[in-house]
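Working notes, beginning with the structure itself.
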Amino acid sequence: MPLSDMGVSVSNVTFEPSCRNNWHIHHNGGQILLCTAGRGYYQEWGKSAQELNPGDVVNIPPEVKHWHGAAPDSWFAHIAISVPGSKAEWLEPVDEAEYTKLK
């Protein structure tokens with residue numbers, strides 16, 4: 001049975017340097033990131049950004065405001081697995097001044 005028939009969404013996502021998504025929240029189910037290439041960041045609201053490298057896995061619980069994307073100087077790729085029932089609510093962009101402080 002295909003994963004899509006079970007409600008699981010699997011996406012191979014590539015970010016060019018400095019590219020990142022907006023803050024967002026997954027309602028009714030979380031998301032898992034499997035980092036596959038380059039260097040990137042993941043940050044939860046109110047916490048420091050964490051660097052991501054190939055082989056890292058991020059388990060994002062439902063209802064946690066967060067963003068993820070490439071480092072300013074590196075391409076970054078991950079496989080994103082959204083659990084059944086997960087719906088993303090897209091919010092504001094990541095603050096440019098805060099992002100440029102990341103190395």
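Numbering starts fresh at 1 for the residues of each chain in the structure tokens, the chains themselves are lettered A, B, ... in the order given, and ligands are numbered from 1 as they appear.
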
If you run DSSP on the backbone here, which positions in stretch 26-56 of chain A get strand (DSSP E)? Please write them as a PDB file with N, CA and C atoms, in the first residue's frame.
ATOM      1  N   HIS A  26       2.383  22.536  12.668  1.00  0.00           N
ATOM      2  CA  HIS A  26       1.669  21.367  12.162  1.00  0.00           C
ATOM      3  C   HIS A  26       0.588  21.003  13.182  1.00  0.00           C
ATOM      4  N   HIS A  27      -0.652  21.138  12.765  1.00  0.00           N
ATOM      5  CA  HIS A  27      -1.779  20.797  13.628  1.00  0.00           C
ATOM      6  C   HIS A  27      -2.199  19.346  13.375  1.00  0.00           C
ATOM      7  N   GLN A  31       5.743  16.249  12.351  1.00  0.00           N
ATOM      8  CA  GLN A  31       6.547  16.058  11.150  1.00  0.00           C
ATOM      9  C   GLN A  31       7.915  15.528  11.573  1.00  0.00           C
ATOM     10  N   ILE A  32       8.536  14.753  10.704  1.00  0.00           N
ATOM     11  CA  ILE A  32       9.882  14.239  10.926  1.00  0.00           C
ATOM     12  C   ILE A  32      10.747  14.714   9.764  1.00  0.00           C
ATOM     13  N   LEU A  33      11.924  15.247  10.085  1.00  0.00           N
ATOM     14  CA  LEU A  33      12.886  15.658   9.069  1.00  0.00           C
ATOM     15  C   LEU A  33      14.080  14.716   9.106  1.00  0.00           C
ATOM     16  N   LEU A  34      14.435  14.150   7.962  1.00  0.00           N
ATOM     17  CA  LEU A  34      15.620  13.311   7.810  1.00  0.00           C
ATOM     18  C   LEU A  34      16.607  14.109   6.959  1.00  0.00           C
ATOM     19  N   CYS A  35      17.648  14.639   7.566  1.00  0.00           N
ATOM     20  CA  CYS A  35      18.595  15.508   6.866  1.00  0.00           C
ATOM     21  C   CYS A  35      19.511  14.660   5.991  1.00  0.00           C
ATOM     22  N   THR A  36      19.630  15.051   4.708  1.00  0.00           N
ATOM     23  CA  THR A  36      20.351  14.216   3.755  1.00  0.00           C
ATOM     24  C   THR A  36      21.561  14.873   3.111  1.00  0.00           C
ATOM     25  N   ALA A  37      21.616  16.213   3.062  1.00  0.00           N
ATOM     26  CA  ALA A  37      22.741  16.871   2.380  1.00  0.00           C
ATOM     27  C   ALA A  37      22.886  18.308   2.849  1.00  0.00           C
ATOM     28  N   GLY A  38      24.115  18.813   2.800  1.00  0.00           N
ATOM     29  CA  GLY A  38      24.374  20.206   3.108  1.00  0.00           C
ATOM     30  C   GLY A  38      24.301  20.515   4.589  1.00  0.00           C
ATOM     31  N   GLY A  40      21.988  23.010   7.420  1.00  0.00           N
ATOM     32  CA  GLY A  40      20.805  23.834   7.607  1.00  0.00           C
ATOM     33  C   GLY A  40      20.544  24.107   9.072  1.00  0.00           C
ATOM     34  N   TYR A  41      19.349  24.618   9.327  1.00  0.00           N
ATOM     35  CA  TYR A  41      18.938  24.946  10.694  1.00  0.00           C
ATOM     36  C   TYR A  41      17.486  24.564  10.919  1.00  0.00           C
ATOM     37  N   TYR A  42      17.194  24.284  12.177  1.00  0.00           N
ATOM     38  CA  TYR A  42      15.830  24.068  12.670  1.00  0.00           C
ATOM     39  C   TYR A  42      15.712  24.904  13.931  1.00  0.00           C
ATOM     40  N   GLN A  43      14.580  25.591  14.083  1.00  0.00           N
ATOM     41  CA  GLN A  43      14.379  26.385  15.295  1.00  0.00           C
ATOM     42  C   GLN A  43      12.927  26.320  15.726  1.00  0.00           C
ATOM     43  N   GLU A  44      12.733  26.080  17.025  1.00  0.00           N
ATOM     44  CA  GLU A  44      11.415  26.162  17.635  1.00  0.00           C
ATOM     45  C   GLU A  44      11.265  27.544  18.257  1.00  0.00           C
ATOM     46  N   GLN A  50      19.121  25.257  15.947  1.00  0.00           N
ATOM     47  CA  GLN A  50      20.085  24.162  16.007  1.00  0.00           C
ATOM     48  C   GLN A  50      20.565  23.839  14.596  1.00  0.00           C
ATOM     49  N   GLU A  51      21.873  23.656  14.462  1.00  0.00           N
ATOM     50  CA  GLU A  51      22.445  23.322  13.165  1.00  0.00           C
ATOM     51  C   GLU A  51      22.072  21.894  12.791  1.00  0.00           C
ATOM     52  N   LEU A  52      21.805  21.682  11.511  1.00  0.00           N
ATOM     53  CA  LEU A  52      21.463  20.359  10.994  1.00  0.00           C
ATOM     54  C   LEU A  52      22.476  19.944   9.935  1.00  0.00           C
TER      55      LEU A  52
END

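Using only C-alpha atoms, the protein and nucleic acid residues lying no more than 10 Å from A:Ala88, apart from those fewer than 2 places from it along its own chain, are His24, Ile25, His26, His27, Asn28, Gly29, Gly30, Gln31, Pro62, Glu63, Ser82, Gly85, Ser86, Trp90 and Leu91 of chain A.
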
Expected file contents, prior selection, C-alpha atoms, as a PDB file, in the first residue's frame:
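Once written, part-v6.pdb looks like this:
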ATOM      1  CA  HIS A  24       4.713  27.320  10.792  1.00  0.00           C
ATOM      2  CA  ILE A  25       2.780  24.900  12.985  1.00  0.00           C
ATOM      3  CA  HIS A  26       1.669  21.367  12.162  1.00  0.00           C
ATOM      4  CA  HIS A  27      -1.779  20.797  13.628  1.00  0.00           C
ATOM      5  CA  ASN A  28      -3.243  17.333  14.304  1.00  0.00           C
ATOM      6  CA  GLY A  29       0.080  15.581  13.777  1.00  0.00           C
ATOM      7  CA  GLY A  30       3.762  16.345  13.664  1.00  0.00           C
ATOM      8  CA  GLN A  31       6.547  16.058  11.150  1.00  0.00           C
ATOM      9  CA  PRO A  62       2.258  18.760  16.736  1.00  0.00           C
ATOM     10  CA  GLU A  63       1.419  22.352  17.712  1.00  0.00           C
ATOM     11  CA  SER A  82       4.239  14.427   7.764  1.00  0.00           C
ATOM     12  CA  GLY A  85      -3.771  14.177   9.759  1.00  0.00           C
ATOM     13  CA  SER A  86      -1.040  16.820   9.927  1.00  0.00           C
ATOM     14  CA  TRP A  90       1.921  28.989   7.600  1.00  0.00           C
ATOM     15  CA  LEU A  91       2.885  32.072   9.588  1.00  0.00           C
TER      16      LEU A  91
END

When you draw a straight line from atom CA of A:Pro17 to atom CA of A:Asn53, how long is it in Å? 13.9 Å

Residues near A:Trp23, anyone? I mean within 10 Å using only C-alpha atoms, not counting same-chain ones fewer than 2 positions away, as a CSV table (one decimal) with N, CA and C atoms, in the first residue's frame.
chain,number,residue,atom,x,y,z
A,20,ARG,N,14.8,29.4,3.4
A,20,ARG,CA,14.2,28.8,4.5
A,20,ARG,C,12.7,29.0,4.4
A,21,ASN,N,11.9,28.2,5.1
A,21,ASN,CA,10.5,28.4,5.1
A,21,ASN,C,10.1,29.4,6.2
A,25,ILE,N,3.2,25.8,12.0
A,25,ILE,CA,2.8,24.9,13.0
A,25,ILE,C,2.1,23.8,12.3
A,43,GLN,N,14.6,25.6,14.1
A,43,GLN,CA,14.4,26.4,15.3
A,43,GLN,C,12.9,26.3,15.7
A,44,GLU,N,12.7,26.1,17.0
A,44,GLU,CA,11.4,26.2,17.6
A,44,GLU,C,11.3,27.5,18.3
A,45,TRP,N,10.0,28.1,18.2
A,45,TRP,CA,9.7,29.4,18.8
A,45,TRP,C,10.2,29.5,20.3
A,64,VAL,N,3.8,22.8,17.6
A,64,VAL,CA,5.1,23.5,17.9
A,64,VAL,C,5.4,24.4,16.7
A,65,LYS,N,5.5,25.7,17.0
A,65,LYS,CA,5.8,26.7,16.0
A,65,LYS,C,7.3,26.6,15.7
A,66,HIS,N,7.7,26.5,14.4
A,66,HIS,CA,9.1,26.3,14.1
A,66,HIS,C,9.3,26.7,12.6
A,67,TRP,N,10.6,26.7,12.2
A,67,TRP,CA,11.0,26.8,10.8
A,67,TRP,C,12.2,26.0,10.6
A,68,HIS,N,12.5,25.7,9.3
A,68,HIS,CA,13.7,25.0,8.9
A,68,HIS,C,14.2,25.4,7.6
A,89,GLU,N,0.0,25.2,9.2
A,89,GLU,CA,-0.5,26.6,9.3
A,89,GLU,C,0.7,27.5,9.1
A,90,TRP,N,0.8,28.2,7.9
A,90,TRP,CA,1.9,29.0,7.6
A,90,TRP,C,1.8,30.4,8.2
A,91,LEU,N,2.9,30.8,8.8
A,91,LEU,CA,2.9,32.1,9.6
A,91,LEU,C,3.9,33.1,9.0
A,92,GLU,N,4.4,33.9,9.8
A,92,GLU,CA,5.3,35.0,9.4
A,92,GLU,C,6.7,34.5,9.0
A,93,PRO,N,7.4,35.3,8.1
A,93,PRO,CA,8.7,35.0,7.8
A,93,PRO,C,9.7,35.0,9.0
A,94,VAL,N,10.8,34.3,8.9
A,94,VAL,CA,11.8,34.3,9.9
A,94,VAL,C,12.5,35.7,9.8
A,95,ASP,N,12.7,36.3,10.9
A,95,ASP,CA,13.3,37.6,11.0
A,95,ASP,C,14.7,37.6,10.3

Excluding A:Glu96 and its own-chain neighbours fewer than 4 positions away, which residues fall within 12 Å of it when counting only C-alpha atoms? Please give them as a list in words.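 Residues meeting the cut-off are Ser18, Cys19, Arg20, Asn22, Pro72, Glu92, Thr100, Lys101 and Leu102 of chain A.
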
Just C-alpha atoms for this one: save the residues we selected as an mmCIF file, in the first residue's frame.
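The resulting file, result_8.cif, is shown below:
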data_model
loop_
_atom_site.group_PDB
_atom_site.id
_atom_site.type_symbol
_atom_site.label_atom_id
_atom_site.label_comp_id
_atom_site.auth_asym_id
_atom_site.auth_seq_id
_atom_site.Cartn_x
_atom_site.Cartn_y
_atom_site.Cartn_z
ATOM 1 C CA SER A 18 19.830 31.286 2.688
ATOM 2 C CA CYS A 19 16.495 29.731 1.683
ATOM 3 C CA ARG A 20 14.172 28.787 4.531
ATOM 4 C CA ASN A 22 8.307 30.680 7.203
ATOM 5 C CA PRO A 72 23.359 31.196 4.759
ATOM 6 C CA GLU A 92 5.289 35.031 9.389
ATOM 7 C CA THR A 100 21.824 36.516 9.384
ATOM 8 C CA LYS A 101 23.341 36.044 12.869
ATOM 9 C CA LEU A 102 23.486 32.288 12.172
#

At a cut-off of 7 Å, using only C-alpha atoms, what residues contact A:Arg39? Leave out same-chain residues fewer than 4 positions from it and give the result as a short mmCIF file (atom, residue, chain, number, x, y, z; two decimals) with all heavy atoms, in the first residue's frame.
data_model
loop_
_atom_site.label_atom_id
_atom_site.label_comp_id
_atom_site.auth_asym_id
_atom_site.auth_seq_id
_atom_site.Cartn_x
_atom_site.Cartn_y
_atom_site.Cartn_z
N LEU A 52 21.80 21.68 11.51
CA LEU A 52 21.46 20.36 10.99
C LEU A 52 22.48 19.94 9.93
O LEU A 52 22.89 20.76 9.10
CB LEU A 52 20.06 20.37 10.38
CG LEU A 52 18.91 20.73 11.31
CD1 LEU A 52 17.60 20.80 10.53
CD2 LEU A 52 18.82 19.73 12.44
N ASN A 53 22.85 18.67 9.97
CA ASN A 53 23.80 18.10 9.03
C ASN A 53 23.29 16.74 8.57
O ASN A 53 22.41 16.16 9.21
CB ASN A 53 25.17 17.95 9.70
CG ASN A 53 25.77 19.30 10.03
OD1 ASN A 53 26.24 19.99 9.13
ND2 ASN A 53 25.76 19.70 11.29
N ALA A 70 18.04 26.20 4.86
CA ALA A 70 19.48 26.16 4.63
C ALA A 70 20.23 27.17 5.48
O ALA A 70 19.68 28.20 5.88
CB ALA A 70 19.77 26.42 3.16
N ALA A 71 21.50 26.88 5.72
CA ALA A 71 22.41 27.85 6.32
C ALA A 71 22.67 28.95 5.27
O ALA A 71 22.46 28.73 4.07
CB ALA A 71 23.72 27.17 6.72
N SER A 74 25.20 27.50 2.54
CA SER A 74 25.18 26.09 2.13
C SER A 74 23.83 25.68 1.58
O SER A 74 22.79 26.11 2.06
CB SER A 74 25.50 25.21 3.34
OG SER A 74 25.43 23.84 3.01
N TRP A 75 23.87 24.82 0.58
CA TRP A 75 22.66 24.13 0.16
C TRP A 75 22.27 23.18 1.30
O TRP A 75 23.12 22.79 2.10
CB TRP A 75 22.90 23.32 -1.11
CG TRP A 75 23.02 24.19 -2.33
CD1 TRP A 75 24.14 24.89 -2.72
CD2 TRP A 75 22.02 24.48 -3.27
NE1 TRP A 75 23.88 25.60 -3.86
CE2 TRP A 75 22.57 25.36 -4.23
CE3 TRP A 75 20.69 24.09 -3.42
CZ2 TRP A 75 21.85 25.85 -5.30
CZ3 TRP A 75 19.97 24.57 -4.50
CH2 TRP A 75 20.55 25.44 -5.42
N PHE A 76 20.99 22.79 1.35
CA PHE A 76 20.53 21.88 2.39
C PHE A 76 19.38 21.07 1.83
O PHE A 76 18.53 21.58 1.10
CB PHE A 76 20.06 22.68 3.61
CG PHE A 76 19.51 21.84 4.73
CD1 PHE A 76 20.30 20.91 5.37
CD2 PHE A 76 18.19 21.97 5.13
CE1 PHE A 76 19.79 20.12 6.40
CE2 PHE A 76 17.68 21.20 6.15
CZ PHE A 76 18.47 20.27 6.79
#

Run DSSP on the backbone and tell me which residues of chain A come out as alpha helix (DSSP H); list them as a PyMOL selection string. chain A and resi 96-100
